[in-house]
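Data block below; observations after.
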Amino acid sequence: ETGVTQSPTHLIKTRGQQVTLRCSSQSGHNTVSWYQQALGQGPQFIFQYYREEENGRGNFPPRFSGLQFPNYSSELNVNALELDDSALYLCASSLEVGELFFGEGSRLTVL
Amino acid sequence: EDQVTQSPEALRLQEGESSSLNCSYTVSGLRGLFWYRQDPGKGPEFLFTLYSAGEEKEKERLKATLTKKESFLHITAPKPEDSATYLCAVPRGGTGNQFYFGTGTSLTVIP
């Protein structure tokens, strides 16, 4: 059984740039969620995708967007990067209810 | 507004010194309280789900309990390998797998 994998693991961008983060969900899971975790904080819900449709969104601006593909993998896109976007971005796959299975995360630094 | 609060923020224990971590929540219609463990630089790893007041779950040196307003994670005779950040989470209103996370308790167990 393959777990959740994310890429890249680390990346550095400058303010105003755009970034795309990728996630492959665990086999058999049809739901992918993205979380932002700032240093010393708990994960904050960005949005969730279920069967290729956005299925819920947290308090994040529209410059955070995403996609889910037919194989249930997913992308998180962030436009017009700001310094405060520096964080660990976590992807988690799950079934319709229940616990999340997280990847190792993508550490984004915005300079 | 739904909230999850964890205390203490940090806890240092001697090996073998038992203690408890607290997670208090205010959420309408609780659909489970979830505990995760997070090692530095890694994604959270699921530990337990509790659904009703009075429920208890155990795993090795960890035991989670739930009341109508809070949950406790009891750590009995901890070992250095138990050092991690422990996060609790509750589903956002009306969902089964979109979560509010607390800020976590950073546990350090000293040999």
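Please note that chains go A, B, ... in the order of the structure tokens, that every chain numbers its residues from 1, and that ligands are numbered from 1 in the order shown.
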* Find the residues of chain B in contact range of chain A, meaning any atom within 12 Å when counting only C-alpha atoms, and list them as a PyMOL selection string. => chain B and resi 4-6+9-10+31-51+85-106
When DSSP is applied to the backbone of this structure, which of chain A are assigned strand (DSSP E)? Write them out as a PDB file with N, CA and C atoms, in the first residue's frame.
ATOM      1  N   THR A   5       2.397  10.852  -0.918  1.00  0.00           N
ATOM      2  CA  THR A   5       3.691  11.423  -1.267  1.00  0.00           C
ATOM      3  C   THR A   5       3.506  12.842  -1.775  1.00  0.00           C
ATOM      4  N   GLN A   6       4.439  13.724  -1.385  1.00  0.00           N
ATOM      5  CA  GLN A   6       4.382  15.118  -1.782  1.00  0.00           C
ATOM      6  C   GLN A   6       5.689  15.535  -2.435  1.00  0.00           C
ATOM      7  N   SER A   7       5.573  16.487  -3.364  1.00  0.00           N
ATOM      8  CA  SER A   7       6.781  17.049  -3.970  1.00  0.00           C
ATOM      9  C   SER A   7       6.543  18.510  -4.325  1.00  0.00           C
ATOM     10  N   HIS A  10      11.261  20.631  -0.368  1.00  0.00           N
ATOM     11  CA  HIS A  10      11.656  21.984   0.031  1.00  0.00           C
ATOM     12  C   HIS A  10      11.727  22.864  -1.204  1.00  0.00           C
ATOM     13  N   LEU A  11      11.357  24.130  -1.040  1.00  0.00           N
ATOM     14  CA  LEU A  11      11.551  25.069  -2.135  1.00  0.00           C
ATOM     15  C   LEU A  11      11.595  26.488  -1.594  1.00  0.00           C
ATOM     16  N   ILE A  12      12.304  27.327  -2.316  1.00  0.00           N
ATOM     17  CA  ILE A  12      12.463  28.732  -1.956  1.00  0.00           C
ATOM     18  C   ILE A  12      11.965  29.580  -3.117  1.00  0.00           C
ATOM     19  N   LYS A  13      11.118  30.543  -2.796  1.00  0.00           N
ATOM     20  CA  LYS A  13      10.569  31.450  -3.798  1.00  0.00           C
ATOM     21  C   LYS A  13      10.723  32.881  -3.294  1.00  0.00           C
ATOM     22  N   VAL A  19       3.712  29.285  -7.053  1.00  0.00           N
ATOM     23  CA  VAL A  19       4.253  27.965  -6.732  1.00  0.00           C
ATOM     24  C   VAL A  19       3.174  26.905  -6.933  1.00  0.00           C
ATOM     25  N   THR A  20       3.614  25.738  -7.347  1.00  0.00           N
ATOM     26  CA  THR A  20       2.722  24.574  -7.461  1.00  0.00           C
ATOM     27  C   THR A  20       3.300  23.433  -6.647  1.00  0.00           C
ATOM     28  N   LEU A  21       2.490  22.889  -5.752  1.00  0.00           N
ATOM     29  CA  LEU A  21       2.871  21.751  -4.937  1.00  0.00           C
ATOM     30  C   LEU A  21       2.017  20.558  -5.353  1.00  0.00           C
ATOM     31  N   ARG A  22       2.621  19.369  -5.296  1.00  0.00           N
ATOM     32  CA  ARG A  22       1.938  18.179  -5.797  1.00  0.00           C
ATOM     33  C   ARG A  22       1.807  17.108  -4.732  1.00  0.00           C
ATOM     34  N   CYS A  23       0.769  16.295  -4.906  1.00  0.00           N
ATOM     35  CA  CYS A  23       0.453  15.281  -3.902  1.00  0.00           C
ATOM     36  C   CYS A  23      -0.160  14.061  -4.574  1.00  0.00           C
ATOM     37  N   SER A  24       0.346  12.892  -4.221  1.00  0.00           N
ATOM     38  CA  SER A  24      -0.276  11.632  -4.648  1.00  0.00           C
ATOM     39  C   SER A  24      -0.935  11.012  -3.435  1.00  0.00           C
ATOM     40  N   THR A  31     -10.473  11.365  -1.401  1.00  0.00           N
ATOM     41  CA  THR A  31     -10.549  12.738  -0.885  1.00  0.00           C
ATOM     42  C   THR A  31      -9.147  13.227  -0.542  1.00  0.00           C
ATOM     43  N   VAL A  32      -8.841  14.437  -0.981  1.00  0.00           N
ATOM     44  CA  VAL A  32      -7.539  15.046  -0.681  1.00  0.00           C
ATOM     45  C   VAL A  32      -7.773  16.404  -0.023  1.00  0.00           C
ATOM     46  N   SER A  33      -7.065  16.645   1.050  1.00  0.00           N
ATOM     47  CA  SER A  33      -7.146  17.923   1.759  1.00  0.00           C
ATOM     48  C   SER A  33      -5.762  18.541   1.827  1.00  0.00           C
ATOM     49  N   TRP A  34      -5.735  19.866   1.848  1.00  0.00           N
ATOM     50  CA  TRP A  34      -4.480  20.599   1.992  1.00  0.00           C
ATOM     51  C   TRP A  34      -4.539  21.446   3.264  1.00  0.00           C
ATOM     52  N   TYR A  35      -3.417  21.445   3.983  1.00  0.00           N
ATOM     53  CA  TYR A  35      -3.297  22.217   5.219  1.00  0.00           C
ATOM     54  C   TYR A  35      -2.016  23.035   5.170  1.00  0.00           C
ATOM     55  N   GLN A  36      -2.064  24.208   5.794  1.00  0.00           N
ATOM     56  CA  GLN A  36      -0.876  25.045   5.963  1.00  0.00           C
ATOM     57  C   GLN A  36      -0.479  25.013   7.431  1.00  0.00           C
ATOM     58  N   GLN A  37       0.795  24.744   7.700  1.00  0.00           N
ATOM     59  CA  GLN A  37       1.258  24.720   9.078  1.00  0.00           C
ATOM     60  C   GLN A  37       2.431  25.678   9.228  1.00  0.00           C
ATOM     61  N   GLN A  44      -3.623  24.350   9.487  1.00  0.00           N
ATOM     62  CA  GLN A  44      -4.855  25.094   9.182  1.00  0.00           C
ATOM     63  C   GLN A  44      -5.411  24.609   7.851  1.00  0.00           C
ATOM     64  N   PHE A  45      -6.697  24.326   7.839  1.00  0.00           N
ATOM     65  CA  PHE A  45      -7.377  23.781   6.671  1.00  0.00           C
ATOM     66  C   PHE A  45      -7.430  24.813   5.556  1.00  0.00           C
ATOM     67  N   ILE A  46      -6.913  24.432   4.370  1.00  0.00           N
ATOM     68  CA  ILE A  46      -6.973  25.320   3.213  1.00  0.00           C
ATOM     69  C   ILE A  46      -8.212  24.976   2.383  1.00  0.00           C
ATOM     70  N   PHE A  47      -8.230  23.752   1.849  1.00  0.00           N
ATOM     71  CA  PHE A  47      -9.405  23.257   1.117  1.00  0.00           C
ATOM     72  C   PHE A  47      -9.315  21.757   0.949  1.00  0.00           C
ATOM     73  N   GLN A  48     -10.412  21.199   0.444  1.00  0.00           N
ATOM     74  CA  GLN A  48     -10.516  19.765   0.229  1.00  0.00           C
ATOM     75  C   GLN A  48     -11.107  19.505  -1.160  1.00  0.00           C
ATOM     76  N   TYR A  49     -10.651  18.427  -1.779  1.00  0.00           N
ATOM     77  CA  TYR A  49     -11.190  17.994  -3.055  1.00  0.00           C
ATOM     78  C   TYR A  49     -11.736  16.583  -2.927  1.00  0.00           C
ATOM     79  N   TYR A  50     -12.911  16.404  -3.509  1.00  0.00           N
ATOM     80  CA  TYR A  50     -13.568  15.102  -3.532  1.00  0.00           C
ATOM     81  C   TYR A  50     -14.064  14.872  -4.948  1.00  0.00           C
ATOM     82  N   GLU A  53     -13.796  17.830  -7.417  1.00  0.00           N
ATOM     83  CA  GLU A  53     -14.479  19.082  -7.123  1.00  0.00           C
ATOM     84  C   GLU A  53     -14.049  19.614  -5.755  1.00  0.00           C
ATOM     85  N   GLU A  54     -13.935  20.937  -5.622  1.00  0.00           N
ATOM     86  CA  GLU A  54     -13.651  21.522  -4.313  1.00  0.00           C
ATOM     87  C   GLU A  54     -14.849  21.272  -3.409  1.00  0.00           C
ATOM     88  N   ASN A  55     -14.564  20.749  -2.221  1.00  0.00           N
ATOM     89  CA  ASN A  55     -15.606  20.236  -1.331  1.00  0.00           C
ATOM     90  C   ASN A  55     -15.583  20.924   0.024  1.00  0.00           C
ATOM     91  N   GLY A  56     -14.969  22.082   0.101  1.00  0.00           N
ATOM     92  CA  GLY A  56     -14.868  22.793   1.364  1.00  0.00           C
ATOM     93  C   GLY A  56     -13.620  23.643   1.324  1.00  0.00           C
ATOM     94  N   ARG A  57     -13.671  24.807   1.962  1.00  0.00           N
ATOM     95  CA  ARG A  57     -12.563  25.740   1.926  1.00  0.00           C
ATOM     96  C   ARG A  57     -12.451  26.442   3.269  1.00  0.00           C
ATOM     97  N   PHE A  64      -4.988  31.100  -3.370  1.00  0.00           N
ATOM     98  CA  PHE A  64      -4.752  29.675  -3.084  1.00  0.00           C
ATOM     99  C   PHE A  64      -5.791  28.883  -3.880  1.00  0.00           C
ATOM    100  N   SER A  65      -5.331  28.071  -4.797  1.00  0.00           N
ATOM    101  CA  SER A  65      -6.255  27.287  -5.608  1.00  0.00           C
ATOM    102  C   SER A  65      -5.718  25.872  -5.760  1.00  0.00           C
ATOM    103  N   GLY A  66      -6.571  24.988  -6.235  1.00  0.00           N
ATOM    104  CA  GLY A  66      -6.140  23.604  -6.338  1.00  0.00           C
ATOM    105  C   GLY A  66      -6.829  22.854  -7.449  1.00  0.00           C
ATOM    106  N   LEU A  67      -6.366  21.631  -7.617  1.00  0.00           N
ATOM    107  CA  LEU A  67      -6.945  20.709  -8.580  1.00  0.00           C
ATOM    108  C   LEU A  67      -6.878  19.312  -8.005  1.00  0.00           C
ATOM    109  N   GLN A  68      -7.835  18.478  -8.405  1.00  0.00           N
ATOM    110  CA  GLN A  68      -7.703  17.046  -8.160  1.00  0.00           C
ATOM    111  C   GLN A  68      -7.891  16.344  -9.499  1.00  0.00           C
ATOM    112  N   SER A  74      -3.344  15.430  -6.572  1.00  0.00           N
ATOM    113  CA  SER A  74      -3.806  16.807  -6.403  1.00  0.00           C
ATOM    114  C   SER A  74      -2.659  17.788  -6.524  1.00  0.00           C
ATOM    115  N   GLU A  75      -3.000  19.026  -6.807  1.00  0.00           N
ATOM    116  CA  GLU A  75      -2.057  20.148  -6.817  1.00  0.00           C
ATOM    117  C   GLU A  75      -2.603  21.282  -5.978  1.00  0.00           C
ATOM    118  N   LEU A  76      -1.680  21.979  -5.327  1.00  0.00           N
ATOM    119  CA  LEU A  76      -1.985  23.238  -4.654  1.00  0.00           C
ATOM    120  C   LEU A  76      -1.197  24.321  -5.362  1.00  0.00           C
ATOM    121  N   ASN A  77      -1.871  25.364  -5.803  1.00  0.00           N
ATOM    122  CA  ASN A  77      -1.228  26.498  -6.450  1.00  0.00           C
ATOM    123  C   ASN A  77      -1.408  27.740  -5.583  1.00  0.00           C
ATOM    124  N   VAL A  78      -0.328  28.474  -5.421  1.00  0.00           N
ATOM    125  CA  VAL A  78      -0.395  29.738  -4.696  1.00  0.00           C
ATOM    126  C   VAL A  78       0.201  30.814  -5.593  1.00  0.00           C
ATOM    127  N   ALA A  87       5.706  28.343   5.089  1.00  0.00           N
ATOM    128  CA  ALA A  87       5.081  27.351   5.971  1.00  0.00           C
ATOM    129  C   ALA A  87       5.355  25.954   5.442  1.00  0.00           C
ATOM    130  N   LEU A  88       4.936  24.975   6.230  1.00  0.00           N
ATOM    131  CA  LEU A  88       4.908  23.581   5.775  1.00  0.00           C
ATOM    132  C   LEU A  88       3.511  23.320   5.207  1.00  0.00           C
ATOM    133  N   TYR A  89       3.448  22.887   3.971  1.00  0.00           N
ATOM    134  CA  TYR A  89       2.166  22.595   3.332  1.00  0.00           C
ATOM    135  C   TYR A  89       1.966  21.087   3.335  1.00  0.00           C
ATOM    136  N   LEU A  90       0.893  20.683   3.971  1.00  0.00           N
ATOM    137  CA  LEU A  90       0.616  19.271   4.174  1.00  0.00           C
ATOM    138  C   LEU A  90      -0.556  18.837   3.309  1.00  0.00           C
ATOM    139  N   CYS A  91      -0.377  17.723   2.652  1.00  0.00           N
ATOM    140  CA  CYS A  91      -1.453  17.091   1.907  1.00  0.00           C
ATOM    141  C   CYS A  91      -1.893  15.870   2.703  1.00  0.00           C
ATOM    142  N   ALA A  92      -3.188  15.623   2.736  1.00  0.00           N
ATOM    143  CA  ALA A  92      -3.711  14.460   3.446  1.00  0.00           C
ATOM    144  C   ALA A  92      -4.792  13.804   2.609  1.00  0.00           C
ATOM    145  N   SER A  93      -4.763  12.505   2.551  1.00  0.00           N
ATOM    146  CA  SER A  93      -5.839  11.796   1.862  1.00  0.00           C
ATOM    147  C   SER A  93      -6.691  11.059   2.876  1.00  0.00           C
ATOM    148  N   SER A  94      -7.908  10.776   2.481  1.00  0.00           N
ATOM    149  CA  SER A  94      -8.838  10.125   3.403  1.00  0.00           C
ATOM    150  C   SER A  94     -10.009   9.556   2.617  1.00  0.00           C
ATOM    151  N   PHE A 101      -4.596  10.859   6.459  1.00  0.00           N
ATOM    152  CA  PHE A 101      -3.284  10.244   6.268  1.00  0.00           C
ATOM    153  C   PHE A 101      -2.427  11.292   5.569  1.00  0.00           C
ATOM    154  N   PHE A 102      -1.439  11.788   6.292  1.00  0.00           N
ATOM    155  CA  PHE A 102      -0.652  12.916   5.809  1.00  0.00           C
ATOM    156  C   PHE A 102       0.600  12.469   5.073  1.00  0.00           C
ATOM    157  N   SER A 106       5.554  19.792   2.164  1.00  0.00           N
ATOM    158  CA  SER A 106       6.446  20.606   1.328  1.00  0.00           C
ATOM    159  C   SER A 106       6.757  21.876   2.095  1.00  0.00           C
ATOM    160  N   ARG A 107       8.034  22.088   2.382  1.00  0.00           N
ATOM    161  CA  ARG A 107       8.458  23.276   3.142  1.00  0.00           C
ATOM    162  C   ARG A 107       8.724  24.405   2.172  1.00  0.00           C
ATOM    163  N   LEU A 108       7.878  25.454   2.226  1.00  0.00           N
ATOM    164  CA  LEU A 108       8.003  26.616   1.346  1.00  0.00           C
ATOM    165  C   LEU A 108       8.586  27.781   2.124  1.00  0.00           C
ATOM    166  N   THR A 109       9.627  28.372   1.587  1.00  0.00           N
ATOM    167  CA  THR A 109      10.205  29.601   2.141  1.00  0.00           C
ATOM    168  C   THR A 109      10.041  30.701   1.112  1.00  0.00           C
ATOM    169  N   VAL A 110       9.447  31.816   1.524  1.00  0.00           N
ATOM    170  CA  VAL A 110       9.261  32.964   0.639  1.00  0.00           C
ATOM    171  C   VAL A 110      10.168  34.095   1.135  1.00  0.00           C
TER     172      VAL A 110
END
* Shell of 12 Å around Lys69 (chain B), only C-alpha atoms, local chain residues under 4 positions omitted, as a ChimeraX atom specification -> /B:3-5,22-30,33,52-54,65,90
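The interatomic distance for the pair CA of Lys57 (chain B) and CA of Arg12 (chain B) works out to 23.5 Å.
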* Asked: Restricting the calculation to only C-alpha atoms, which member of A:Thr9, A:Gln17, A:Asn30, A:Leu81 is positioned closest to Phe69 (chain A)?
  -> A:Asn30
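Between CA of Pro111 (chain B) and CA of Leu62 (chain B) the interatomic distance comes to 18.1 Å.
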* To do: Skip Lys79 (chain B) itself and residues of its chain fewer than 4 positions away, then list as a ChimeraX atom specification all residues within 12 Å of it, counting only C-alpha atoms.
  => /B:12-18,60-62,75,83-84,107-111
* Have a look at CA of Glu58 (chain B) and CA of Thr76 (chain B) and let me know their distance in Å, one decimal. =>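 Distance reported for this atom pair: 10.8 Å.
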